[in-house]
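**Student:** Have a look at this one before I ask anything.
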Amino acid sequence: MRIRHWIVRRLSHLDPILLVLVLLLLGISVAVVASASGQSPARITGHLMNIALALGVMVVMANVPPHLLARVGLPLYAAGVVLLIAVALFGEVRNGSRRWLDLGIVAFQPSELLKLALPLMLAWYFQRNEAVLRTKHYLVGATLLAVPFLLILRQPDLGTALMIGASGFYLLYFAGLSWKVILGGGVALGASLPLAWNFLHDYQQRRVLTLLDPSADPLGAGYHIIQSTIAIGSGGLFGKGWMRGTQAQLDFIPERTTDFVFAVFGEEFGYVGTVLLVALHLALVARGFTIAARAPTLFGRLMAATLSLNLFTYVFVNMGMVSGILPVVGVPLPLMSYGGTALVTLLLGVGIMMSVATHRQLNKT
Amino acid sequence: MAITSLKNLDRELAHFHLRLKVGAGFVALLAAALLARGYYLQHMQHEYFVQRAENNRISLVPAAPHRGLILDRNERILADNFSAYTLEINRAQMASLEQTLADLQTLIEITPGQLRRFRRLLAESHEFETVPLKSRLTDEEVAIVAANRYRLAGVEVKARLFRNYRAGPGMAHVVGFIGRINDRDLATLRENRQEQNYRGSVHIGKTGLEQSYEALLHGRTGFDQMETDAGGRAVRVLSRIPPVPGKDLRLYLDVELQAVAEHAFGDYLGGLVALDPRTGGVLALVSKPGFDPNLFIDGVDPDTWKALNESSERPMVNRVLRGIYPPGSTIKPFMALAGLELGLRRPGDSIVDPGYFMLPNSRHQFRDWKRGGHGVVDLRRSIAQSCDTYYYKLAVDMGIDRMHDFLAQFGFGEKTGIDLAGESSGLLPSREWKQRRWKKPWYPGETVIAGIGQGYHLATPVQLAAAAAMLANGGQPVQPRLVAAVRDPATREWMPLAPSPPRPAAGISPAHLEVVRQGMLDVTRPGGTAAASAAGAPYAIAGKTGTAQVVGIRQGARYDASKLAREHRDHALFIAYAPADNPALALAVMVENGGSGSGTAAPIARAVFDYYLTGKRPGDMKFGDDDAD
């Protein structure tokens, strides 16, 4: 009886709307990964196990009260930065960039840690200084953002650096960063783009150029984009049907269970599927924003809003890449792509949103 | 304090809500961009991408047709196909060609000749093409290569159809051979819009009937519409257009007659064409020496090619079609006929032959081959004894212009139109020709020697045979043809090949022709130049001997075969038809360095007539091995 009661209490922290949306998306994901992998039992079981693990993490996180979460912000951030420095000094080079830290048993990308640690750190910092927020605090916030951003950029891993930079920026934005600074920064960024181009590595420049004209290198860098747009476009309004996409089933789409899973989905479920997928993600963001709007603490508001916006950014970057409007960067489609780390990180974030939604007491540190 | 803090909180909340709304607007913008892109790809560009996806997925795999067979008149097989395994190399798929070759050589035997041929083919082919290394693998070799496939990337064992020429070197100049399609063949195919039809083909006819009947023999390539994956592997067949096999050819030619003729040449080289004078059907076509056409199918190895090409015997040249020789005395029956037809001679007119002829106002003697002359000679005798003096004078009376025009009616100076490529048109000289070619006037002395087929006049053996056939059939021009009928392998019904439209008959008076034919009959009777060769034949042969000079003989010197090196001896010629009263076969024989027509050429003709008309085979000849592989 007590155990049952305990379980009910733990589960009561699950926000029902978020839960339904997440389960719907994960259900679609299982179907698409099954089709994309050619019904590979290993892939499907692996995916189901990742989902189970990530859902477990989500349930745990939903039960951690926000004020406790806020406490881990600083140590997590500090650990992440230290590890990033360690990577820069002793990291292992794979595929031409220094991203991995070999911990003996597992190889580990510390940049993954920062995806959550940076928003946590910043949210904790702004909540701590809630009553006395001044320009100084935004400068400190910007510095906290810049340190991991530059370290990751140096690895080099432009994609992750930008995604982490975006999450930090969203948090500063929701924390009330002056419109003038945002607009000024935007203008300055736009002006410095040509300069930034020269700092891009060859392969990064090639990816951008490939986006502008995929047919220039149809069997090389352009192959991914060409094949994925063919898949999506040939899907039409209603799709070719589950497991009936020729591009997917005949191996024409590369990385089709992971980063390019949307190409398989678009081919087999058509524009109707695309609209549904975007709608589900929009609903997720809408729910996240609602939670943020109702959150009792600044920490909760900032975390829920930032995580929601961040999630949709991932959706946009991935779908934009697969459908050929953004360059190819290694970003999975949230709640759809096969891959344990990304899924756990994501549902960890959703768990935090649920925790914010269900812990309504004013708990301050 | 509490109130200001609350007010601050309200203000900050309002501020935060505004930021959420702006954030929501931003999200809506991104979502709209995604949906717009999706609409563009999946609705507006849908048709285009469907086509692209289909092109990705569907590939046409050509299915090569079976090549038609070539059969002789009794349906003995001259060329057919067999399937066998070949070892082929795709160099694009291997790390090191040399390493792979070395590995292969440890597994199966590869001869230096095969390796040389392979390297030559490799040099001629594109990077991504597969090139055969060894054909006709044994079952054991196939098994060895298959067992080691995992370490032989780019090495393929393919089942292929091979051409097999069963009839040996003697038929090489008739049947010809196929060879690998090269860049020049490809250009021709492209020109004729046949490129698609050869998508699955490796070989194309290069010479002989294989070349001239390529369009019939090849057939139509079929296509399998296959679904393939991104790696190009076939997943399943969607639809199939079966190949249409090539047509079989049946010849007029009789391989046994051909073998008899070839055998009759003995050690001599030369050519022979035997025609049915009624149809122009080629009953035998010998060009000696021949060669083994099987060597050429997948590219001959460089040493063999060099040996064949540089041999002084020139086995690759079809003497019957491309060899041009002065017709010599074989022109005399046609000259005699011209004399009668032009009203210059009557059958009874005779001359007294002193053994030479002189033009007015000239001291140059045009000598008869017979020292002292033939005495009193009329038209029949002039043919029977091959009197030169008679024709010197006749030629001068006739003049070169009328001579040219009359002989042209018998096909001299023009291609016969035989169904083989590469025929020479020979040369029938005329005043205009000499002016055009040499910018010089025609000299009377040139007319004199033209009367006995010497000088500028050059003829091919096939022209001589076609002309002889006209004498045999009463003046009807014939077009020599090898292929009698064509068969669709599906219906197995022979369809006679439409004969070429008959050319207008020469309009020769039968009475005049009869006189000439009597003269030719006298040639093989006692007293005639070929009497010995015809002795004892149960049928009558009408013929005419001739010699074609190889080296010029000085004025005053005599031709003496025994004193000349063999390669400087005259070529021996003989034209004939038999039976004389109802000719079934007309032929021309040319024996290189044979000396005299009566000595070497006429006996060969006799052997051919004997076999064709009576079935008698030369006693020292074996038969029955032409079906062997």
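Scheme for the structure tokens: letters A, B, ... for chains in order shown; per-chain residue numbers from 1; ligand numbers from 1 in order shown.
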Within 7 Å of chain A, which residues of chain B come that close, and what is the closest atom pair and distance in Å for each? Count only C-alpha atoms and give it as CSV.
**Tutor:**
```
residue,atom,partner,partner_atom,distance
B:Phe16,CA,A:Phe174,CA,6.4
B:His17,CA,A:Ala293,CA,6.4
B:Arg19,CA,A:Phe174,CA,6.1
B:Leu20,CA,A:Phe289,CA,6.7
B:Leu30,CA,A:Phe316,CA,6.5
B:Ala31,CA,A:Val278,CA,6.8
B:Leu34,CA,A:Gly320,CA,6.6
B:Leu35,CA,A:Val275,CA,6.7
B:Gly38,CA,A:Tyr271,CA,6.4
B:Tyr39,CA,A:Tyr271,CA,6.8
B:Leu41,CA,A:Gly233,CA,4.4
B:Gln42,CA,A:Gly233,CA,4.2
B:His43,CA,A:Gly236,CA,5.6
B:Gln45,CA,A:Gly233,CA,6.4
B:His46,CA,A:Gly233,CA,5.1
B:Phe49,CA,A:Ser234,CA,4.7
B:Val50,CA,A:Ser234,CA,4.3
B:Arg52,CA,A:Ile230,CA,6.5
B:Ala53,CA,A:Ile230,CA,6.1
B:Asp229,CA,A:Leu250,CA,4.4
B:Ala230,CA,A:Phe252,CA,4.9
```
**Student:** Pick out the residues sitting within 12 Å of A:Leu280, and hand them over as a list in words; count only C-alpha atoms, and ignore anything fewer than 6 positions along from it in its own chain.
**Tutor:**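 Skipping anything fewer than 6 positions along the chain leaves Ile17, Leu18, Leu19, Val20, Leu21, Val22, Leu23, Leu24, Leu25, Leu26, Ile28, Gly273, Thr274, Ala286, Arg287, Phe312, Val315, Pro334, Leu335 and Met336 of chain A; Ala31 of chain B.
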**Student:** Take the residues that were just selected and, keeping N, CA and C atoms, output them as an mmCIF file, in the first residue's frame.
**Tutor:**
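The resulting file, result-v8.cif, is shown below:
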```
data_model
loop_
_atom_site.group_PDB
_atom_site.id
_atom_site.type_symbol
_atom_site.label_atom_id
_atom_site.label_comp_id
_atom_site.auth_asym_id
_atom_site.auth_seq_id
_atom_site.Cartn_x
_atom_site.Cartn_y
_atom_site.Cartn_z
ATOM 1 N N ILE A 17 -0.067 16.732 -19.917
ATOM 2 C CA ILE A 17 -0.011 17.198 -21.316
ATOM 3 C C ILE A 17 1.359 16.915 -21.929
ATOM 4 N N LEU A 18 2.404 17.303 -21.182
ATOM 5 C CA LEU A 18 3.755 17.015 -21.676
ATOM 6 C C LEU A 18 3.933 15.517 -21.893
ATOM 7 N N LEU A 19 3.431 14.722 -20.939
ATOM 8 C CA LEU A 19 3.600 13.274 -21.015
ATOM 9 C C LEU A 19 2.957 12.714 -22.277
ATOM 10 N N VAL A 20 1.727 13.145 -22.541
ATOM 11 C CA VAL A 20 1.019 12.642 -23.719
ATOM 12 C C VAL A 20 1.764 13.023 -24.997
ATOM 13 N N LEU A 21 2.186 14.290 -25.053
ATOM 14 C CA LEU A 21 2.911 14.742 -26.260
ATOM 15 C C LEU A 21 4.202 13.939 -26.451
ATOM 16 N N VAL A 22 4.932 13.771 -25.358
ATOM 17 C CA VAL A 22 6.203 13.039 -25.440
ATOM 18 C C VAL A 22 5.953 11.600 -25.879
ATOM 19 N N LEU A 23 4.921 10.957 -25.293
ATOM 20 C CA LEU A 23 4.656 9.560 -25.659
ATOM 21 C C LEU A 23 4.210 9.440 -27.115
ATOM 22 N N LEU A 24 3.418 10.416 -27.572
ATOM 23 C CA LEU A 24 3.004 10.400 -28.976
ATOM 24 C C LEU A 24 4.213 10.471 -29.899
ATOM 25 N N LEU A 25 5.086 11.437 -29.595
ATOM 26 C CA LEU A 25 6.273 11.593 -30.441
ATOM 27 C C LEU A 25 7.160 10.350 -30.377
ATOM 28 N N LEU A 26 7.315 9.798 -29.177
ATOM 29 C CA LEU A 26 8.147 8.596 -29.057
ATOM 30 C C LEU A 26 7.522 7.410 -29.793
ATOM 31 N N ILE A 28 5.664 7.604 -32.517
ATOM 32 C CA ILE A 28 5.977 7.815 -33.939
ATOM 33 C C ILE A 28 7.431 7.435 -34.205
ATOM 34 N N GLY A 273 2.110 14.205 -42.492
ATOM 35 C CA GLY A 273 2.988 13.807 -41.403
ATOM 36 C C GLY A 273 3.855 14.958 -40.932
ATOM 37 N N THR A 274 4.391 15.709 -41.895
ATOM 38 C CA THR A 274 5.234 16.853 -41.540
ATOM 39 C C THR A 274 4.464 17.839 -40.657
ATOM 40 N N ALA A 286 4.390 25.116 -26.613
ATOM 41 C CA ALA A 286 3.299 25.886 -26.022
ATOM 42 C C ALA A 286 3.087 25.479 -24.573
ATOM 43 N N ARG A 287 3.111 24.172 -24.325
ATOM 44 C CA ARG A 287 2.953 23.695 -22.953
ATOM 45 C C ARG A 287 4.116 24.170 -22.086
ATOM 46 N N PHE A 312 12.719 23.535 -29.478
ATOM 47 C CA PHE A 312 12.230 23.831 -30.819
ATOM 48 C C PHE A 312 13.357 24.251 -31.745
ATOM 49 N N VAL A 315 14.595 21.179 -33.190
ATOM 50 C CA VAL A 315 13.659 20.724 -34.219
ATOM 51 C C VAL A 315 13.889 21.493 -35.512
ATOM 52 N N PRO A 334 14.734 16.057 -32.057
ATOM 53 C CA PRO A 334 14.297 15.724 -30.697
ATOM 54 C C PRO A 334 13.147 14.723 -30.686
ATOM 55 N N LEU A 335 13.278 13.725 -29.846
ATOM 56 C CA LEU A 335 12.255 12.711 -29.591
ATOM 57 C C LEU A 335 11.971 11.819 -30.800
ATOM 58 N N MET A 336 12.764 11.960 -31.868
ATOM 59 C CA MET A 336 12.531 11.140 -33.060
ATOM 60 C C MET A 336 13.753 10.306 -33.418
ATOM 61 N N ALA B 31 8.514 27.611 -37.299
ATOM 62 C CA ALA B 31 7.593 26.551 -37.713
ATOM 63 C C ALA B 31 7.032 26.850 -39.098
#
```
**Student:** Which distance in Å separates atom CA of B:Gly455 and atom CA of B:Cys387, to one decimal?
**Tutor:**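 Computed distance, atom CA of B:Gly455 to atom CA of B:Cys387, equals 17.3 Å.
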**Student:** Here is a test: counting only C-alpha atoms, which residue of A:Leu276, A:Leu118, A:Leu162, A:Ile7 is nearest to A:Thr143?
**Tutor:**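 Nearest to A:Thr143: A:Leu118.
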**Student:** When DSSP is applied to the backbone of this structure, which of stretch 6-212 of chain A are assigned strand (DSSP E or B)? Write them out as a PyMOL selection string.
**Tutor:** chain A and resi 92-94+97-102+107-108
**Student:** Just write the chosen residues, C-alpha atoms, as a PDB file, in the first residue's frame.
**Tutor:**
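Generated output (selection.pdb):
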```pdb
ATOM      1  CA  GLU A  92      41.265  12.549 -27.901  1.00  0.00           C
ATOM      2  CA  VAL A  93      41.097  13.542 -31.529  1.00  0.00           C
ATOM      3  CA  ARG A  94      38.358  11.868 -33.535  1.00  0.00           C
ATOM      4  CA  SER A  97      38.457  17.520 -33.840  1.00  0.00           C
ATOM      5  CA  ARG A  98      39.289  17.250 -30.151  1.00  0.00           C
ATOM      6  CA  ARG A  99      35.933  16.565 -28.504  1.00  0.00           C
ATOM      7  CA  TRP A 100      36.313  13.377 -26.584  1.00  0.00           C
ATOM      8  CA  LEU A 101      37.627  12.676 -23.137  1.00  0.00           C
ATOM      9  CA  ASP A 102      38.681   9.104 -22.562  1.00  0.00           C
ATOM     10  CA  ALA A 107      34.696   8.052 -23.913  1.00  0.00           C
ATOM     11  CA  PHE A 108      32.705  11.144 -23.122  1.00  0.00           C
TER      12      PHE A 108
END
```
**Student:** Given the choices B:Gly527, B:Gly168, B:Gly299, B:Pro293, which gets closest to B:Leu122 if the distance is worked out from only C-alpha atoms?
**Tutor:**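 Closest candidate: B:Gly299.
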**Student:** Please identify which residues in stretch 329-415 of chain B DSSP calls alpha helix (DSSP H) from the backbone, and express them as a PyMOL selection string.
**Tutor:** chain B and resi 332-341+379-384+388-408
**Student:** For A:Val81, please output as a PyMOL selection string all residues within 8 Å (counting only C-alpha atoms; exclusion window: fewer than 6 positions along the same chain).
**Tutor:** chain A and resi 114+147-148
**Student:** Could you check the closest approach to B:Val244 for each of B:Pro360, B:Pro480, B:Gly219, B:Gly68 and tell me which residue wins, using only C-alpha atoms?
**Tutor:**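 Answer, going by the shortest atom-to-atom distance: B:Gly219.
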**Student:** Which residue is closest to B:Glu156? Choose from B:Gln258, B:Thr86, B:Ser596, B:Gln435 and count only C-alpha atoms.
**Tutor:** B:Thr86
**Student:** Which neighbours of stretch 397-405 of chain B fall inside 10 Å, counting only C-alpha atoms, when residues of the same chain fewer than 4 positions from it are skipped, and could you give them as a list in words?
**Tutor:**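 Close residues of stretch 397-405 of chain B: Phe334, Met335, Ala338, Gly339, Leu342, Gly343, Leu344, Arg345, Tyr391, Tyr392, Lys393, Gln409, Phe410, Phe412, Gly413, Leu428, Pro429, Ser430, Arg431, Glu432, Trp442, Tyr443, Pro444, Glu446, Thr447, Val448, Ala450, Gly451 and His457 of chain B.
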**Student:** Since we have the selection now, will you write its residues out, keeping C-alpha atoms, as a short mmCIF file (atom, residue, chain, number, x, y, z; two decimals), in the first residue's frame?
**Tutor:**
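And here's selection15.cif as it stands now:
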```
data_model
loop_
_atom_site.label_atom_id
_atom_site.label_comp_id
_atom_site.auth_asym_id
_atom_site.auth_seq_id
_atom_site.Cartn_x
_atom_site.Cartn_y
_atom_site.Cartn_z
CA PHE B 334 35.16 -11.74 -123.72
CA MET B 335 37.31 -10.09 -126.37
CA ALA B 338 33.23 -8.30 -128.42
CA GLY B 339 34.71 -8.88 -131.88
CA LEU B 342 30.80 -5.32 -132.75
CA GLY B 343 30.91 -6.87 -136.22
CA LEU B 344 34.72 -6.81 -136.33
CA ARG B 345 35.06 -10.58 -136.74
CA TYR B 391 43.78 -10.65 -129.97
CA TYR B 392 46.55 -8.09 -130.52
CA LYS B 393 45.08 -7.41 -133.90
CA GLN B 409 29.01 -5.05 -119.38
CA PHE B 410 30.62 -8.12 -117.80
CA PHE B 412 34.99 -5.59 -115.01
CA GLY B 413 36.10 -2.44 -113.22
CA LEU B 428 39.12 -1.47 -116.32
CA PRO B 429 41.29 1.07 -118.13
CA SER B 430 39.94 3.67 -120.54
CA ARG B 431 41.19 6.75 -122.27
CA GLU B 432 39.41 8.99 -119.71
CA TRP B 442 46.34 6.61 -124.33
CA TYR B 443 49.02 4.99 -126.50
CA PRO B 444 48.22 2.47 -129.26
CA GLU B 446 48.58 -0.10 -124.64
CA THR B 447 45.57 -1.16 -126.63
CA VAL B 448 47.52 -4.08 -128.07
CA ALA B 450 44.99 -4.83 -123.30
CA GLY B 451 43.73 -7.30 -125.89
CA HIS B 457 43.54 -4.02 -116.56
#
```
**Student:** Separation of atom CA of A:Pro65 and atom CA of A:His5, in Å?
**Tutor:**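 Those two atoms sit 18.8 Å apart.
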**Student:** Near stretch 208-213 of chain B, counting only C-alpha atoms, which residues have an atom at most 12 Å away, once you skip same-chain residues fewer than 2 positions from it, shown as a ChimeraX atom specification?
**Tutor:** /B:67-71,78-80,163,165,171-179,185,203-206,215-219,246-251,285,293,297,316-318,321,417-423,481-483,485-486,497
**Student:** Would you output that residue set with C-alpha atoms, as a PDB file, in the first residue's frame?
**Tutor:**
```pdb
ATOM      1  CA  ARG B  67      23.803 -14.266 -81.857  1.00  0.00           C
ATOM      2  CA  GLY B  68      22.439 -16.007 -84.924  1.00  0.00           C
ATOM      3  CA  LEU B  69      24.104 -19.145 -86.255  1.00  0.00           C
ATOM      4  CA  ILE B  70      25.833 -19.380 -89.597  1.00  0.00           C
ATOM      5  CA  LEU B  71      25.162 -22.646 -91.468  1.00  0.00           C
ATOM      6  CA  LEU B  78      30.026 -22.826 -89.354  1.00  0.00           C
ATOM      7  CA  ALA B  79      29.552 -20.491 -86.390  1.00  0.00           C
ATOM      8  CA  ASP B  80      27.574 -21.076 -83.205  1.00  0.00           C
ATOM      9  CA  ARG B 163      31.212 -17.525 -80.447  1.00  0.00           C
ATOM     10  CA  TYR B 165      33.944 -20.989 -85.364  1.00  0.00           C
ATOM     11  CA  MET B 171      36.226 -20.578 -93.748  1.00  0.00           C
ATOM     12  CA  ALA B 172      37.796 -17.605 -91.984  1.00  0.00           C
ATOM     13  CA  HIS B 173      37.565 -15.343 -95.024  1.00  0.00           C
ATOM     14  CA  VAL B 174      33.891 -16.158 -95.518  1.00  0.00           C
ATOM     15  CA  VAL B 175      32.508 -16.249 -92.016  1.00  0.00           C
ATOM     16  CA  GLY B 176      34.931 -13.648 -90.649  1.00  0.00           C
ATOM     17  CA  PHE B 177      34.928 -13.064 -86.909  1.00  0.00           C
ATOM     18  CA  ILE B 178      33.495 -10.969 -84.157  1.00  0.00           C
ATOM     19  CA  GLY B 179      35.638  -8.933 -81.803  1.00  0.00           C
ATOM     20  CA  ASP B 185      32.533   0.565 -83.521  1.00  0.00           C
ATOM     21  CA  HIS B 203      31.207  -8.176 -79.380  1.00  0.00           C
ATOM     22  CA  ILE B 204      30.401  -7.006 -82.860  1.00  0.00           C
ATOM     23  CA  GLY B 205      31.114  -8.477 -86.301  1.00  0.00           C
ATOM     24  CA  LYS B 206      34.468  -7.277 -87.555  1.00  0.00           C
ATOM     25  CA  ALA B 215      22.273  -6.289 -88.269  1.00  0.00           C
ATOM     26  CA  LEU B 216      20.585  -9.685 -88.719  1.00  0.00           C
ATOM     27  CA  LEU B 217      22.923 -11.788 -86.600  1.00  0.00           C
ATOM     28  CA  HIS B 218      22.969  -9.549 -83.540  1.00  0.00           C
ATOM     29  CA  GLY B 219      19.304  -9.519 -82.627  1.00  0.00           C
ATOM     30  CA  GLY B 246      19.610 -12.823 -83.933  1.00  0.00           C
ATOM     31  CA  LYS B 247      18.675 -14.518 -87.186  1.00  0.00           C
ATOM     32  CA  ASP B 248      20.421 -17.645 -88.395  1.00  0.00           C
ATOM     33  CA  LEU B 249      22.005 -17.508 -91.822  1.00  0.00           C
ATOM     34  CA  ARG B 250      22.071 -20.339 -94.342  1.00  0.00           C
ATOM     35  CA  LEU B 251      24.635 -20.056 -97.088  1.00  0.00           C
ATOM     36  CA  LEU B 285      35.028 -19.124-101.698  1.00  0.00           C
ATOM     37  CA  PRO B 293      39.092 -16.766 -86.467  1.00  0.00           C
ATOM     38  CA  ILE B 297      37.047 -12.986 -80.542  1.00  0.00           C
ATOM     39  CA  MET B 316      44.587 -11.732 -93.300  1.00  0.00           C
ATOM     40  CA  VAL B 317      43.981 -10.538 -96.873  1.00  0.00           C
ATOM     41  CA  ASN B 318      40.996 -11.983 -98.655  1.00  0.00           C
ATOM     42  CA  LEU B 321      37.819  -9.929-102.906  1.00  0.00           C
ATOM     43  CA  GLY B 417      28.266  -6.460-104.961  1.00  0.00           C
ATOM     44  CA  ILE B 418      28.990  -9.710-103.141  1.00  0.00           C
ATOM     45  CA  ASP B 419      27.613  -9.691 -99.603  1.00  0.00           C
ATOM     46  CA  LEU B 420      31.009  -9.252 -97.979  1.00  0.00           C
ATOM     47  CA  ALA B 421      32.669  -5.969 -97.170  1.00  0.00           C
ATOM     48  CA  GLY B 422      35.997  -4.778 -98.472  1.00  0.00           C
ATOM     49  CA  GLU B 423      35.658  -5.791-102.089  1.00  0.00           C
ATOM     50  CA  ARG B 481      25.760 -13.885-102.801  1.00  0.00           C
ATOM     51  CA  LEU B 482      26.772 -16.048 -99.894  1.00  0.00           C
ATOM     52  CA  VAL B 483      23.589 -16.011 -97.848  1.00  0.00           C
ATOM     53  CA  ALA B 485      18.139 -17.801 -96.507  1.00  0.00           C
ATOM     54  CA  VAL B 486      17.496 -16.363 -93.093  1.00  0.00           C
ATOM     55  CA  LEU B 497      16.754 -13.724 -98.693  1.00  0.00           C
TER      56      LEU B 497
END
```
**Student:** What is the atom CA of B:Val462 to atom CA of B:Ala384 distance in Å?
**Tutor:**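 Taking atom CA of B:Val462 and atom CA of B:Ala384, their separation equals 23.1 Å.
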**Student:** Need the shell around stretch 47-59 of chain A: protein/DNA/RNA residues with any atom at most 9 Å away, counting only C-alpha atoms. Skip same-chain ones fewer than 2 positions apart. Format as a count of residues only?
**Tutor:** 30
**Student:** Kindly indicate which residue among B:Gly200, B:Gly475, B:Pro579, B:Gly348 lies nearest to B:Ala63, using only C-alpha atoms for the distances.
**Tutor:**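 That would be B:Gly200, the residue with the smallest distance to B:Ala63.
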**Student:** What lies within 12 Å of A:Gln204 using only C-alpha atoms, ignoring chain neighbours under 2 positions off, as an MDAnalysis selection string?
**Tutor:** chainID A and resid 156:159 196:202 206:211 221 327:330
**Student:** Could you check the closest approach to B:Ala607 for each of B:Arg37, B:Arg160, B:His263, B:Arg149 and tell me which residue wins, using only C-alpha atoms?
**Tutor:**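 With only C-alpha atoms as the atom set, the closest residue is B:His263.
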